[in-house]
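Structure file data-v1.cif with mmCIF, N, CA and C atoms:
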data_query
loop_
_atom_site.label_atom_id
_atom_site.label_comp_id
_atom_site.auth_asym_id
_atom_site.auth_seq_id
_atom_site.Cartn_x
_atom_site.Cartn_y
_atom_site.Cartn_z
N GLN A 1 93.39 122.83 110.99
CA GLN A 1 94.41 121.96 110.42
C GLN A 1 93.77 120.62 110.03
N VAL A 2 93.85 120.31 108.74
CA VAL A 2 93.28 119.06 108.26
C VAL A 2 94.17 117.90 108.67
N GLN A 3 93.54 116.84 109.14
CA GLN A 3 94.27 115.62 109.49
C GLN A 3 93.56 114.41 108.90
N LEU A 4 94.35 113.50 108.37
CA LEU A 4 93.84 112.21 107.93
C LEU A 4 94.57 111.16 108.76
N VAL A 5 93.83 110.39 109.52
CA VAL A 5 94.42 109.39 110.40
C VAL A 5 93.98 108.01 109.94
N GLU A 6 94.97 107.21 109.59
CA GLU A 6 94.71 105.87 109.07
C GLU A 6 94.85 104.82 110.16
N SER A 7 94.15 103.74 109.95
CA SER A 7 94.29 102.58 110.83
C SER A 7 93.85 101.33 110.08
N GLY A 8 94.17 100.18 110.66
CA GLY A 8 93.66 98.94 110.11
C GLY A 8 94.65 98.06 109.39
N GLY A 9 95.86 98.55 109.20
CA GLY A 9 96.85 97.70 108.54
C GLY A 9 97.32 96.59 109.46
N GLY A 10 98.12 95.70 108.92
CA GLY A 10 98.64 94.60 109.72
C GLY A 10 99.12 93.46 108.88
N LEU A 11 99.31 92.34 109.54
CA LEU A 11 99.79 91.12 108.88
C LEU A 11 98.62 90.16 108.69
N VAL A 12 98.49 89.65 107.48
CA VAL A 12 97.41 88.72 107.19
C VAL A 12 97.93 87.65 106.24
N GLN A 13 97.35 86.47 106.32
CA GLN A 13 97.74 85.41 105.39
C GLN A 13 97.09 85.63 104.04
N ALA A 14 97.72 85.13 103.01
CA ALA A 14 97.15 85.21 101.67
C ALA A 14 95.74 84.61 101.68
N GLY A 15 94.83 85.30 101.04
CA GLY A 15 93.44 84.88 101.03
C GLY A 15 92.60 85.54 102.11
N GLY A 16 93.26 86.19 103.03
CA GLY A 16 92.57 86.85 104.12
C GLY A 16 92.06 88.23 103.76
N SER A 17 91.52 88.91 104.77
CA SER A 17 90.92 90.23 104.57
C SER A 17 91.42 91.23 105.61
N LEU A 18 91.40 92.47 105.22
CA LEU A 18 91.67 93.59 106.12
C LEU A 18 90.77 94.74 105.72
N ARG A 19 90.46 95.59 106.68
CA ARG A 19 89.73 96.81 106.36
C ARG A 19 90.54 97.99 106.88
N LEU A 20 90.90 98.86 105.97
CA LEU A 20 91.61 100.08 106.32
C LEU A 20 90.61 101.20 106.55
N SER A 21 90.94 102.07 107.49
CA SER A 21 90.11 103.23 107.78
C SER A 21 90.92 104.50 107.67
N CYS A 22 90.27 105.57 107.29
CA CYS A 22 90.92 106.88 107.19
C CYS A 22 89.93 107.92 107.68
N ALA A 23 90.20 108.47 108.85
CA ALA A 23 89.32 109.46 109.43
C ALA A 23 89.85 110.85 109.12
N ASP A 24 89.01 111.67 108.55
CA ASP A 24 89.43 113.03 108.22
C ASP A 24 88.77 114.03 109.15
N SER A 25 89.52 115.04 109.50
CA SER A 25 89.02 116.07 110.39
C SER A 25 89.67 117.40 110.07
N GLY A 26 89.03 118.46 110.51
CA GLY A 26 89.64 119.78 110.44
C GLY A 26 89.26 120.60 109.22
N SER A 27 88.48 120.03 108.31
CA SER A 27 88.10 120.82 107.12
C SER A 27 86.62 121.13 107.15
N ILE A 28 86.31 122.35 106.73
CA ILE A 28 84.91 122.73 106.64
C ILE A 28 84.41 122.60 105.20
N PHE A 29 85.28 122.17 104.31
CA PHE A 29 84.93 122.07 102.91
C PHE A 29 84.52 120.64 102.55
N SER A 30 83.80 120.51 101.46
CA SER A 30 83.37 119.20 101.01
C SER A 30 84.50 118.50 100.27
N ILE A 31 84.40 117.19 100.23
CA ILE A 31 85.39 116.39 99.53
C ILE A 31 85.06 116.29 98.06
N ASN A 32 86.05 116.52 97.22
CA ASN A 32 85.87 116.35 95.78
C ASN A 32 86.27 114.95 95.35
N THR A 33 87.42 114.51 95.84
CA THR A 33 87.92 113.18 95.48
C THR A 33 88.52 112.53 96.71
N MET A 34 88.24 111.26 96.90
CA MET A 34 88.88 110.51 97.97
C MET A 34 89.43 109.22 97.37
N GLY A 35 90.54 108.80 97.90
CA GLY A 35 91.13 107.61 97.32
C GLY A 35 92.15 106.94 98.22
N TRP A 36 92.53 105.76 97.80
CA TRP A 36 93.57 104.98 98.46
C TRP A 36 94.69 104.70 97.47
N TYR A 37 95.91 104.86 97.92
CA TYR A 37 97.10 104.58 97.13
C TYR A 37 97.95 103.59 97.92
N ARG A 38 98.89 102.98 97.24
CA ARG A 38 99.83 102.11 97.94
C ARG A 38 101.20 102.23 97.30
N GLN A 39 102.20 101.92 98.13
CA GLN A 39 103.57 101.97 97.65
C GLN A 39 104.34 100.80 98.24
N ALA A 40 104.80 99.95 97.37
CA ALA A 40 105.62 98.82 97.78
C ALA A 40 107.09 99.22 97.69
N PRO A 41 107.97 98.54 98.41
CA PRO A 41 109.39 98.89 98.38
C PRO A 41 109.95 98.88 96.97
N GLY A 42 110.63 99.95 96.61
CA GLY A 42 111.25 100.04 95.30
C GLY A 42 110.30 100.36 94.16
N LYS A 43 109.04 100.61 94.50
CA LYS A 43 108.06 100.90 93.46
C LYS A 43 107.45 102.28 93.68
N GLN A 44 106.84 102.80 92.62
CA GLN A 44 106.18 104.09 92.74
C GLN A 44 104.83 103.93 93.43
N ARG A 45 104.39 105.00 94.02
CA ARG A 45 103.05 105.00 94.63
C ARG A 45 102.02 104.86 93.51
N GLU A 46 101.05 103.99 93.73
CA GLU A 46 100.04 103.76 92.71
C GLU A 46 98.64 103.89 93.27
N LEU A 47 97.73 104.29 92.41
CA LEU A 47 96.33 104.39 92.80
C LEU A 47 95.73 103.00 92.94
N VAL A 48 95.03 102.80 94.05
CA VAL A 48 94.34 101.55 94.28
C VAL A 48 92.85 101.70 93.95
N ALA A 49 92.25 102.76 94.50
CA ALA A 49 90.83 103.01 94.27
C ALA A 49 90.52 104.45 94.60
N ASN A 50 89.54 105.02 93.93
CA ASN A 50 89.10 106.35 94.29
C ASN A 50 87.66 106.56 93.90
N ILE A 51 87.09 107.61 94.46
CA ILE A 51 85.75 108.05 94.11
C ILE A 51 85.80 109.56 93.93
N ILE A 52 85.33 110.01 92.79
CA ILE A 52 85.19 111.44 92.54
C ILE A 52 83.75 111.80 92.84
N SER A 53 83.56 112.93 93.51
CA SER A 53 82.24 113.34 93.97
C SER A 53 81.19 113.20 92.86
N GLY A 54 80.12 112.52 93.19
CA GLY A 54 79.05 112.35 92.21
C GLY A 54 79.27 111.23 91.24
N GLY A 55 80.43 110.57 91.32
CA GLY A 55 80.75 109.50 90.39
C GLY A 55 80.83 108.16 91.07
N SER A 56 81.17 107.19 90.29
CA SER A 56 81.30 105.84 90.83
C SER A 56 82.75 105.56 91.21
N ALA A 57 82.94 104.48 91.87
CA ALA A 57 84.28 104.11 92.30
C ALA A 57 85.11 103.61 91.12
N ASN A 58 86.40 103.88 91.20
CA ASN A 58 87.35 103.40 90.20
C ASN A 58 88.40 102.55 90.90
N TYR A 59 88.78 101.47 90.27
CA TYR A 59 89.72 100.54 90.88
C TYR A 59 90.85 100.20 89.92
N ALA A 60 92.02 99.99 90.48
CA ALA A 60 93.11 99.45 89.69
C ALA A 60 92.72 98.05 89.24
N ASP A 61 93.14 97.68 88.06
CA ASP A 61 92.79 96.36 87.54
C ASP A 61 93.21 95.24 88.49
N SER A 62 94.32 95.45 89.16
CA SER A 62 94.86 94.40 90.03
C SER A 62 94.01 94.13 91.26
N VAL A 63 93.09 95.04 91.60
CA VAL A 63 92.29 94.86 92.81
C VAL A 63 90.79 94.75 92.53
N LYS A 64 90.41 94.91 91.28
CA LYS A 64 88.98 94.84 90.94
C LYS A 64 88.38 93.51 91.38
N GLY A 65 87.22 93.61 92.00
CA GLY A 65 86.54 92.42 92.46
C GLY A 65 86.98 91.96 93.83
N ARG A 66 88.06 92.53 94.35
CA ARG A 66 88.57 92.12 95.67
C ARG A 66 88.52 93.25 96.69
N PHE A 67 88.72 94.48 96.24
CA PHE A 67 88.75 95.64 97.14
C PHE A 67 87.50 96.48 96.92
N THR A 68 87.06 97.14 98.00
CA THR A 68 85.92 98.04 97.91
C THR A 68 86.21 99.31 98.70
N ILE A 69 86.05 100.44 98.04
CA ILE A 69 86.22 101.73 98.70
C ILE A 69 84.84 102.27 99.09
N SER A 70 84.78 102.88 100.27
CA SER A 70 83.50 103.43 100.72
C SER A 70 83.76 104.55 101.71
N ARG A 71 82.71 105.24 102.05
CA ARG A 71 82.82 106.33 103.03
C ARG A 71 81.57 106.40 103.87
N ASP A 72 81.77 106.61 105.17
CA ASP A 72 80.68 106.89 106.09
C ASP A 72 80.75 108.38 106.40
N SER A 73 79.90 109.16 105.76
CA SER A 73 79.97 110.62 105.92
C SER A 73 79.66 111.05 107.34
N ALA A 74 78.80 110.31 108.02
CA ALA A 74 78.46 110.67 109.39
C ALA A 74 79.67 110.57 110.31
N LYS A 75 80.58 109.67 109.96
CA LYS A 75 81.79 109.48 110.77
C LYS A 75 83.02 110.14 110.15
N ASN A 76 82.83 110.80 109.01
CA ASN A 76 83.96 111.40 108.30
C ASN A 76 85.09 110.39 108.12
N THR A 77 84.72 109.20 107.74
CA THR A 77 85.70 108.12 107.64
C THR A 77 85.56 107.40 106.31
N MET A 78 86.68 107.15 105.70
CA MET A 78 86.75 106.42 104.44
C MET A 78 87.32 105.05 104.73
N TYR A 79 86.89 104.06 103.97
CA TYR A 79 87.32 102.69 104.19
C TYR A 79 87.85 102.06 102.91
N LEU A 80 88.70 101.08 103.10
CA LEU A 80 89.10 100.21 102.00
C LEU A 80 88.98 98.78 102.51
N GLN A 81 87.96 98.08 102.05
CA GLN A 81 87.81 96.68 102.40
C GLN A 81 88.59 95.86 101.41
N MET A 82 89.52 95.07 101.92
CA MET A 82 90.41 94.29 101.07
C MET A 82 90.17 92.81 101.36
N ASN A 83 89.70 92.10 100.37
CA ASN A 83 89.45 90.66 100.48
C ASN A 83 90.38 89.89 99.55
N SER A 84 90.49 88.62 99.81
CA SER A 84 91.32 87.74 98.97
C SER A 84 92.70 88.33 98.74
N LEU A 85 93.31 88.75 99.81
CA LEU A 85 94.61 89.42 99.71
C LEU A 85 95.67 88.49 99.16
N LYS A 86 96.56 89.09 98.38
CA LYS A 86 97.66 88.36 97.76
C LYS A 86 98.98 88.94 98.25
N PRO A 87 100.04 88.17 98.20
CA PRO A 87 101.35 88.71 98.61
C PRO A 87 101.72 90.00 97.86
N GLU A 88 101.30 90.11 96.61
CA GLU A 88 101.63 91.31 95.85
C GLU A 88 100.82 92.54 96.28
N ASP A 89 99.86 92.36 97.18
CA ASP A 89 99.14 93.50 97.72
C ASP A 89 99.90 94.16 98.88
N ALA A 90 100.95 93.53 99.33
CA ALA A 90 101.72 94.07 100.45
C ALA A 90 102.34 95.41 100.06
N ALA A 91 102.15 96.39 100.92
CA ALA A 91 102.62 97.75 100.65
C ALA A 91 102.24 98.64 101.82
N VAL A 92 102.71 99.87 101.77
CA VAL A 92 102.18 100.89 102.66
C VAL A 92 101.02 101.55 101.93
N TYR A 93 99.89 101.58 102.60
CA TYR A 93 98.68 102.15 102.01
C TYR A 93 98.43 103.55 102.56
N TYR A 94 98.12 104.46 101.66
CA TYR A 94 97.89 105.86 102.02
C TYR A 94 96.49 106.28 101.56
N CYS A 95 95.80 107.00 102.42
CA CYS A 95 94.56 107.61 101.96
C CYS A 95 94.85 109.02 101.49
N ASN A 96 94.03 109.49 100.59
CA ASN A 96 94.20 110.82 100.00
C ASN A 96 92.84 111.46 99.85
N VAL A 97 92.75 112.70 100.23
CA VAL A 97 91.50 113.44 100.09
C VAL A 97 91.80 114.77 99.41
N ILE A 98 91.01 115.10 98.41
CA ILE A 98 91.10 116.41 97.75
C ILE A 98 89.78 117.13 97.99
N TYR A 99 89.86 118.29 98.60
CA TYR A 99 88.66 119.05 98.90
C TYR A 99 88.25 119.93 97.72
N THR A 100 87.08 120.51 97.83
CA THR A 100 86.58 121.35 96.73
C THR A 100 87.42 122.61 96.55
N THR A 101 88.27 122.91 97.53
CA THR A 101 89.19 124.05 97.38
C THR A 101 90.33 123.72 96.43
N GLY A 102 90.48 122.42 96.14
CA GLY A 102 91.59 121.97 95.31
C GLY A 102 92.78 121.47 96.11
N ARG A 103 92.76 121.68 97.39
CA ARG A 103 93.88 121.23 98.22
C ARG A 103 93.70 119.75 98.56
N GLY A 104 94.82 119.04 98.52
CA GLY A 104 94.80 117.62 98.82
C GLY A 104 95.66 117.29 100.03
N TYR A 105 95.30 116.20 100.69
CA TYR A 105 96.02 115.79 101.89
C TYR A 105 96.21 114.28 101.87
N TRP A 106 97.30 113.86 102.57
CA TRP A 106 97.62 112.44 102.66
C TRP A 106 97.55 111.98 104.10
N GLY A 107 97.16 110.73 104.26
CA GLY A 107 97.30 110.10 105.56
C GLY A 107 98.75 109.72 105.80
N GLN A 108 99.03 109.22 107.00
CA GLN A 108 100.41 108.92 107.38
C GLN A 108 100.88 107.59 106.81
N GLY A 109 99.96 106.79 106.32
CA GLY A 109 100.32 105.48 105.77
C GLY A 109 100.14 104.39 106.80
N THR A 110 99.72 103.23 106.32
CA THR A 110 99.58 102.06 107.19
C THR A 110 100.11 100.84 106.43
N GLN A 111 100.89 100.04 107.12
CA GLN A 111 101.55 98.90 106.49
C GLN A 111 100.60 97.71 106.38
N VAL A 112 100.57 97.14 105.20
CA VAL A 112 99.85 95.89 104.98
C VAL A 112 100.87 94.84 104.55
N THR A 113 100.92 93.75 105.29
CA THR A 113 101.83 92.65 104.98
C THR A 113 101.01 91.40 104.74
N VAL A 114 101.28 90.71 103.65
CA VAL A 114 100.54 89.51 103.30
C VAL A 114 101.52 88.35 103.19
N SER A 115 101.32 87.37 104.03
CA SER A 115 102.21 86.21 104.01
C SER A 115 101.65 85.13 103.10
N SER A 116 102.55 84.45 102.42
CA SER A 116 102.11 83.41 101.47
C SER A 116 102.04 82.05 102.13
#
Render the structure in this file as structure tokens.
Amino acid sequence: QVQLVESGGGLVQAGGSLRLSCADSGSIFSINTMGWYRQAPGKQRELVANIISGGSANYADSVKGRFTISRDSAKNTMYLQMNSLKPEDAAVYYCNVIYTTGRGYWGQGTQVTVSS
């Protein structure tokens, strides 16, 4: 059973930083795509950043230069380093992994709150 367990959300002041983590377990297959999404109240879930296997990272325009997606393969953990946070970054953040089988999975979500 594949599991994605997120951590690292919380309350931070505008201009501050947070690092989200997403630990994946239970799959024997390689990852094709990994990414972070977010959903603010009343809005659709949107892509924040992703990496497709063998490619470079892609970022939403709103987070370019502030957020960095990465992965520690030895720990089976994906990260989203978020710097210079703004109130509009507040949302529930979800990690997503798509394996080479084509099946995708979501983390449970972690709340990020940014106070102005």
Measuring atom to atom with only C-alpha atoms, identify which of A:Ser84, A:Ser116, A:Ser21, A:Gln111 is nearest to Ser70 of chain A.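 Among the listed residues, the smallest separation from Ser70 of chain A belongs to A:Ser21.
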If we count only C-alpha atoms, what is near Pro41 of chain A at a cut-off of 10 Å, once residues fewer than 4 positions away on the same chain are taken out, given as an MDAnalysis selection string? chainID A and resid 45 90:92
What does the file look like for those residues with N, CA and C atoms, as a short mmCIF file (atom, residue, chain, number, x, y, z; two decimals), in the coordinates of the input?
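out_28.cif written:
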data_model
loop_
_atom_site.label_atom_id
_atom_site.label_comp_id
_atom_site.auth_asym_id
_atom_site.auth_seq_id
_atom_site.Cartn_x
_atom_site.Cartn_y
_atom_site.Cartn_z
N ARG A 45 104.39 105.00 94.02
CA ARG A 45 103.05 105.00 94.63
C ARG A 45 102.02 104.86 93.51
N ALA A 90 100.95 93.53 99.33
CA ALA A 90 101.72 94.07 100.45
C ALA A 90 102.34 95.41 100.06
N ALA A 91 102.15 96.39 100.92
CA ALA A 91 102.62 97.75 100.65
C ALA A 91 102.24 98.64 101.82
N VAL A 92 102.71 99.87 101.77
CA VAL A 92 102.18 100.89 102.66
C VAL A 92 101.02 101.55 101.93
#
Quick check on the file I pasted: which residues fall under the PyMOL selection byres ((chain A and resi 79) around 6)? Write them as an mmCIF file with N, CA and C atoms, in the coordinates of the input.
data_model
loop_
_atom_site.group_PDB
_atom_site.id
_atom_site.type_symbol
_atom_site.label_atom_id
_atom_site.label_comp_id
_atom_site.auth_asym_id
_atom_site.auth_seq_id
_atom_site.Cartn_x
_atom_site.Cartn_y
_atom_site.Cartn_z
ATOM 1 N N LEU A 20 90.900 98.860 105.970
ATOM 2 C CA LEU A 20 91.610 100.080 106.320
ATOM 3 C C LEU A 20 90.610 101.200 106.550
ATOM 4 N N SER A 21 90.940 102.070 107.490
ATOM 5 C CA SER A 21 90.110 103.230 107.780
ATOM 6 C C SER A 21 90.920 104.500 107.670
ATOM 7 N N CYS A 22 90.270 105.570 107.290
ATOM 8 C CA CYS A 22 90.920 106.880 107.190
ATOM 9 C C CYS A 22 89.930 107.920 107.680
ATOM 10 N N THR A 68 87.060 97.140 98.000
ATOM 11 C CA THR A 68 85.920 98.040 97.910
ATOM 12 C C THR A 68 86.210 99.310 98.700
ATOM 13 N N ILE A 69 86.050 100.440 98.040
ATOM 14 C CA ILE A 69 86.220 101.730 98.700
ATOM 15 C C ILE A 69 84.840 102.270 99.090
ATOM 16 N N SER A 70 84.780 102.880 100.270
ATOM 17 C CA SER A 70 83.500 103.430 100.720
ATOM 18 C C SER A 70 83.760 104.550 101.710
ATOM 19 N N ARG A 71 82.710 105.240 102.050
ATOM 20 C CA ARG A 71 82.820 106.330 103.030
ATOM 21 C C ARG A 71 81.570 106.400 103.870
ATOM 22 N N ASP A 72 81.770 106.610 105.170
ATOM 23 C CA ASP A 72 80.680 106.890 106.090
ATOM 24 C C ASP A 72 80.750 108.380 106.400
ATOM 25 N N THR A 77 84.720 109.200 107.740
ATOM 26 C CA THR A 77 85.700 108.120 107.640
ATOM 27 C C THR A 77 85.560 107.400 106.310
ATOM 28 N N MET A 78 86.680 107.150 105.700
ATOM 29 C CA MET A 78 86.750 106.420 104.440
ATOM 30 C C MET A 78 87.320 105.050 104.730
ATOM 31 N N LEU A 80 88.700 101.080 103.100
ATOM 32 C CA LEU A 80 89.100 100.210 102.000
ATOM 33 C C LEU A 80 88.980 98.780 102.510
ATOM 34 N N GLN A 81 87.960 98.080 102.050
ATOM 35 C CA GLN A 81 87.810 96.680 102.400
ATOM 36 C C GLN A 81 88.590 95.860 101.410
#
Which centre and which edge lengths, in Å to one decimal, describe the axis-aligned box that holds all listed atoms of segment 73-84 of chain A after 6 Å is added on each side, as AutoDock Vina command-line options?
--center_x 85.6 --center_y 99.6 --center_z 104.8 --size_x 26.2 --size_y 35.7 --size_z 24.0
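Closest approach to Gly16 of chain A among A:Val63, A:Leu85, A:Ile28, A:Ile52: A:Leu85, based on only N, CA and C atoms.
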Hey, can you check how far atom CA of Gly8 of chain A sits from atom CA of Asn50 of chain A? 18.1 Å
Please identify all polymer residues within 10 Å of Tyr59 of chain A, counting only C-alpha atoms, omitting same-chain residues fewer than 3 positions from it, and present them as a count of residues only. 16
Interatomic distance, atom C of Asn32 of chain A to atom CA of Lys75 of chain A (Å, one decimal):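 So the answer is 17.0 Å.
Nearest residue to Gly54 of chain A among A:Ile31, A:Gly104, A:Gly26, A:Met82 is A:Ile31, counting all atoms listed in the file.
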Using only N, CA and C atoms, which of A:Leu18, A:Tyr105, A:Val112, A:Asn76 sits nearest Val2 of chain A?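 Closest to Val2 of chain A of all the choices is A:Tyr105.
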Please supply segment 93-104 of chain A, rebuilt with all heavy atoms, as a PDB file, keeping the file's coordinate frame.
ATOM      1  N   TYR A  93      99.890 101.580 102.600  1.00  0.00           N
ATOM      2  CA  TYR A  93      98.680 102.150 102.010  1.00  0.00           C
ATOM      3  C   TYR A  93      98.430 103.550 102.560  1.00  0.00           C
ATOM      4  O   TYR A  93      98.514 103.767 103.777  1.00  0.00           O
ATOM      5  CB  TYR A  93      97.483 101.252 102.306  1.00  0.00           C
ATOM      6  CG  TYR A  93      97.439 100.022 101.429  1.00  0.00           C
ATOM      7  CD1 TYR A  93      98.379  98.994 101.598  1.00  0.00           C
ATOM      8  CD2 TYR A  93      96.506  99.884 100.409  1.00  0.00           C
ATOM      9  CE1 TYR A  93      98.365  97.866 100.783  1.00  0.00           C
ATOM     10  CE2 TYR A  93      96.478  98.763  99.593  1.00  0.00           C
ATOM     11  CZ  TYR A  93      97.408  97.761  99.788  1.00  0.00           C
ATOM     12  OH  TYR A  93      97.393  96.652  98.971  1.00  0.00           O
ATOM     13  N   TYR A  94      98.120 104.460 101.660  1.00  0.00           N
ATOM     14  CA  TYR A  94      97.890 105.860 102.020  1.00  0.00           C
ATOM     15  C   TYR A  94      96.490 106.280 101.560  1.00  0.00           C
ATOM     16  O   TYR A  94      96.102 106.002 100.432  1.00  0.00           O
ATOM     17  CB  TYR A  94      98.892 106.766 101.336  1.00  0.00           C
ATOM     18  CG  TYR A  94     100.330 106.514 101.689  1.00  0.00           C
ATOM     19  CD1 TYR A  94     101.109 105.617 100.958  1.00  0.00           C
ATOM     20  CD2 TYR A  94     100.934 107.195 102.749  1.00  0.00           C
ATOM     21  CE1 TYR A  94     102.433 105.382 101.283  1.00  0.00           C
ATOM     22  CE2 TYR A  94     102.265 106.973 103.075  1.00  0.00           C
ATOM     23  CZ  TYR A  94     103.005 106.069 102.338  1.00  0.00           C
ATOM     24  OH  TYR A  94     104.318 105.856 102.661  1.00  0.00           O
ATOM     25  N   CYS A  95      95.800 107.000 102.420  1.00  0.00           N
ATOM     26  CA  CYS A  95      94.560 107.610 101.960  1.00  0.00           C
ATOM     27  C   CYS A  95      94.850 109.020 101.490  1.00  0.00           C
ATOM     28  O   CYS A  95      95.827 109.650 101.924  1.00  0.00           O
ATOM     29  CB  CYS A  95      93.490 107.609 103.047  1.00  0.00           C
ATOM     30  SG  CYS A  95      93.881 108.516 104.542  1.00  0.00           S
ATOM     31  N   ASN A  96      94.030 109.490 100.590  1.00  0.00           N
ATOM     32  CA  ASN A  96      94.200 110.820 100.000  1.00  0.00           C
ATOM     33  C   ASN A  96      92.840 111.460  99.850  1.00  0.00           C
ATOM     34  O   ASN A  96      91.893 110.803  99.390  1.00  0.00           O
ATOM     35  CB  ASN A  96      94.898 110.693  98.651  1.00  0.00           C
ATOM     36  CG  ASN A  96      94.992 112.013  97.926  1.00  0.00           C
ATOM     37  OD1 ASN A  96      94.164 112.331  97.089  1.00  0.00           O
ATOM     38  ND2 ASN A  96      96.016 112.785  98.254  1.00  0.00           N
ATOM     39  N   VAL A  97      92.750 112.700 100.230  1.00  0.00           N
ATOM     40  CA  VAL A  97      91.500 113.440 100.090  1.00  0.00           C
ATOM     41  C   VAL A  97      91.800 114.770  99.410  1.00  0.00           C
ATOM     42  O   VAL A  97      92.752 115.449  99.780  1.00  0.00           O
ATOM     43  CB  VAL A  97      90.843 113.692 101.463  1.00  0.00           C
ATOM     44  CG1 VAL A  97      89.675 114.650 101.317  1.00  0.00           C
ATOM     45  CG2 VAL A  97      90.382 112.378 102.083  1.00  0.00           C
ATOM     46  N   ILE A  98      91.010 115.100  98.410  1.00  0.00           N
ATOM     47  CA  ILE A  98      91.100 116.410  97.750  1.00  0.00           C
ATOM     48  C   ILE A  98      89.780 117.130  97.990  1.00  0.00           C
ATOM     49  O   ILE A  98      88.711 116.606  97.632  1.00  0.00           O
ATOM     50  CB  ILE A  98      91.360 116.274  96.246  1.00  0.00           C
ATOM     51  CG1 ILE A  98      92.663 115.498  96.005  1.00  0.00           C
ATOM     52  CG2 ILE A  98      91.434 117.648  95.593  1.00  0.00           C
ATOM     53  CD1 ILE A  98      92.946 115.203  94.548  1.00  0.00           C
ATOM     54  N   TYR A  99      89.860 118.290  98.600  1.00  0.00           N
ATOM     55  CA  TYR A  99      88.660 119.050  98.900  1.00  0.00           C
ATOM     56  C   TYR A  99      88.250 119.930  97.720  1.00  0.00           C
ATOM     57  O   TYR A  99      89.014 120.092  96.758  1.00  0.00           O
ATOM     58  CB  TYR A  99      88.863 119.877 100.164  1.00  0.00           C
ATOM     59  CG  TYR A  99      89.020 119.019 101.394  1.00  0.00           C
ATOM     60  CD1 TYR A  99      90.279 118.652 101.861  1.00  0.00           C
ATOM     61  CD2 TYR A  99      87.911 118.550 102.078  1.00  0.00           C
ATOM     62  CE1 TYR A  99      90.419 117.843 102.974  1.00  0.00           C
ATOM     63  CE2 TYR A  99      88.035 117.743 103.194  1.00  0.00           C
ATOM     64  CZ  TYR A  99      89.293 117.395 103.632  1.00  0.00           C
ATOM     65  OH  TYR A  99      89.431 116.593 104.744  1.00  0.00           O
ATOM     66  N   THR A 100      87.080 120.510  97.830  1.00  0.00           N
ATOM     67  CA  THR A 100      86.580 121.350  96.730  1.00  0.00           C
ATOM     68  C   THR A 100      87.420 122.610  96.550  1.00  0.00           C
ATOM     69  O   THR A 100      87.316 123.285  95.534  1.00  0.00           O
ATOM     70  CB  THR A 100      85.117 121.724  96.975  1.00  0.00           C
ATOM     71  OG1 THR A 100      84.973 122.273  98.281  1.00  0.00           O
ATOM     72  CG2 THR A 100      84.218 120.487  96.866  1.00  0.00           C
ATOM     73  N   THR A 101      88.270 122.910  97.530  1.00  0.00           N
ATOM     74  CA  THR A 101      89.190 124.050  97.380  1.00  0.00           C
ATOM     75  C   THR A 101      90.330 123.720  96.430  1.00  0.00           C
ATOM     76  O   THR A 101      91.071 124.598  96.005  1.00  0.00           O
ATOM     77  CB  THR A 101      89.812 124.410  98.739  1.00  0.00           C
ATOM     78  OG1 THR A 101      90.485 123.240  99.247  1.00  0.00           O
ATOM     79  CG2 THR A 101      88.748 124.867  99.723  1.00  0.00           C
ATOM     80  N   GLY A 102      90.480 122.420  96.140  1.00  0.00           N
ATOM     81  CA  GLY A 102      91.590 121.970  95.310  1.00  0.00           C
ATOM     82  C   GLY A 102      92.780 121.470  96.110  1.00  0.00           C
ATOM     83  O   GLY A 102      93.711 120.896  95.541  1.00  0.00           O
ATOM     84  N   ARG A 103      92.760 121.680  97.390  1.00  0.00           N
ATOM     85  CA  ARG A 103      93.880 121.230  98.220  1.00  0.00           C
ATOM     86  C   ARG A 103      93.700 119.750  98.560  1.00  0.00           C
ATOM     87  O   ARG A 103      92.583 119.296  98.854  1.00  0.00           O
ATOM     88  CB  ARG A 103      93.980 122.050  99.498  1.00  0.00           C
ATOM     89  CG  ARG A 103      94.358 123.494  99.256  1.00  0.00           C
ATOM     90  CD  ARG A 103      94.861 124.160 100.516  1.00  0.00           C
ATOM     91  NE  ARG A 103      96.110 123.550 100.987  1.00  0.00           N
ATOM     92  CZ  ARG A 103      96.765 123.966 102.062  1.00  0.00           C
ATOM     93  NH1 ARG A 103      96.301 124.968 102.767  1.00  0.00           N
ATOM     94  NH2 ARG A 103      97.879 123.369 102.445  1.00  0.00           N
ATOM     95  N   GLY A 104      94.820 119.040  98.520  1.00  0.00           N
ATOM     96  CA  GLY A 104      94.800 117.620  98.820  1.00  0.00           C
ATOM     97  C   GLY A 104      95.660 117.290 100.030  1.00  0.00           C
ATOM     98  O   GLY A 104      96.607 118.023 100.351  1.00  0.00           O
TER      99      GLY A 104
END
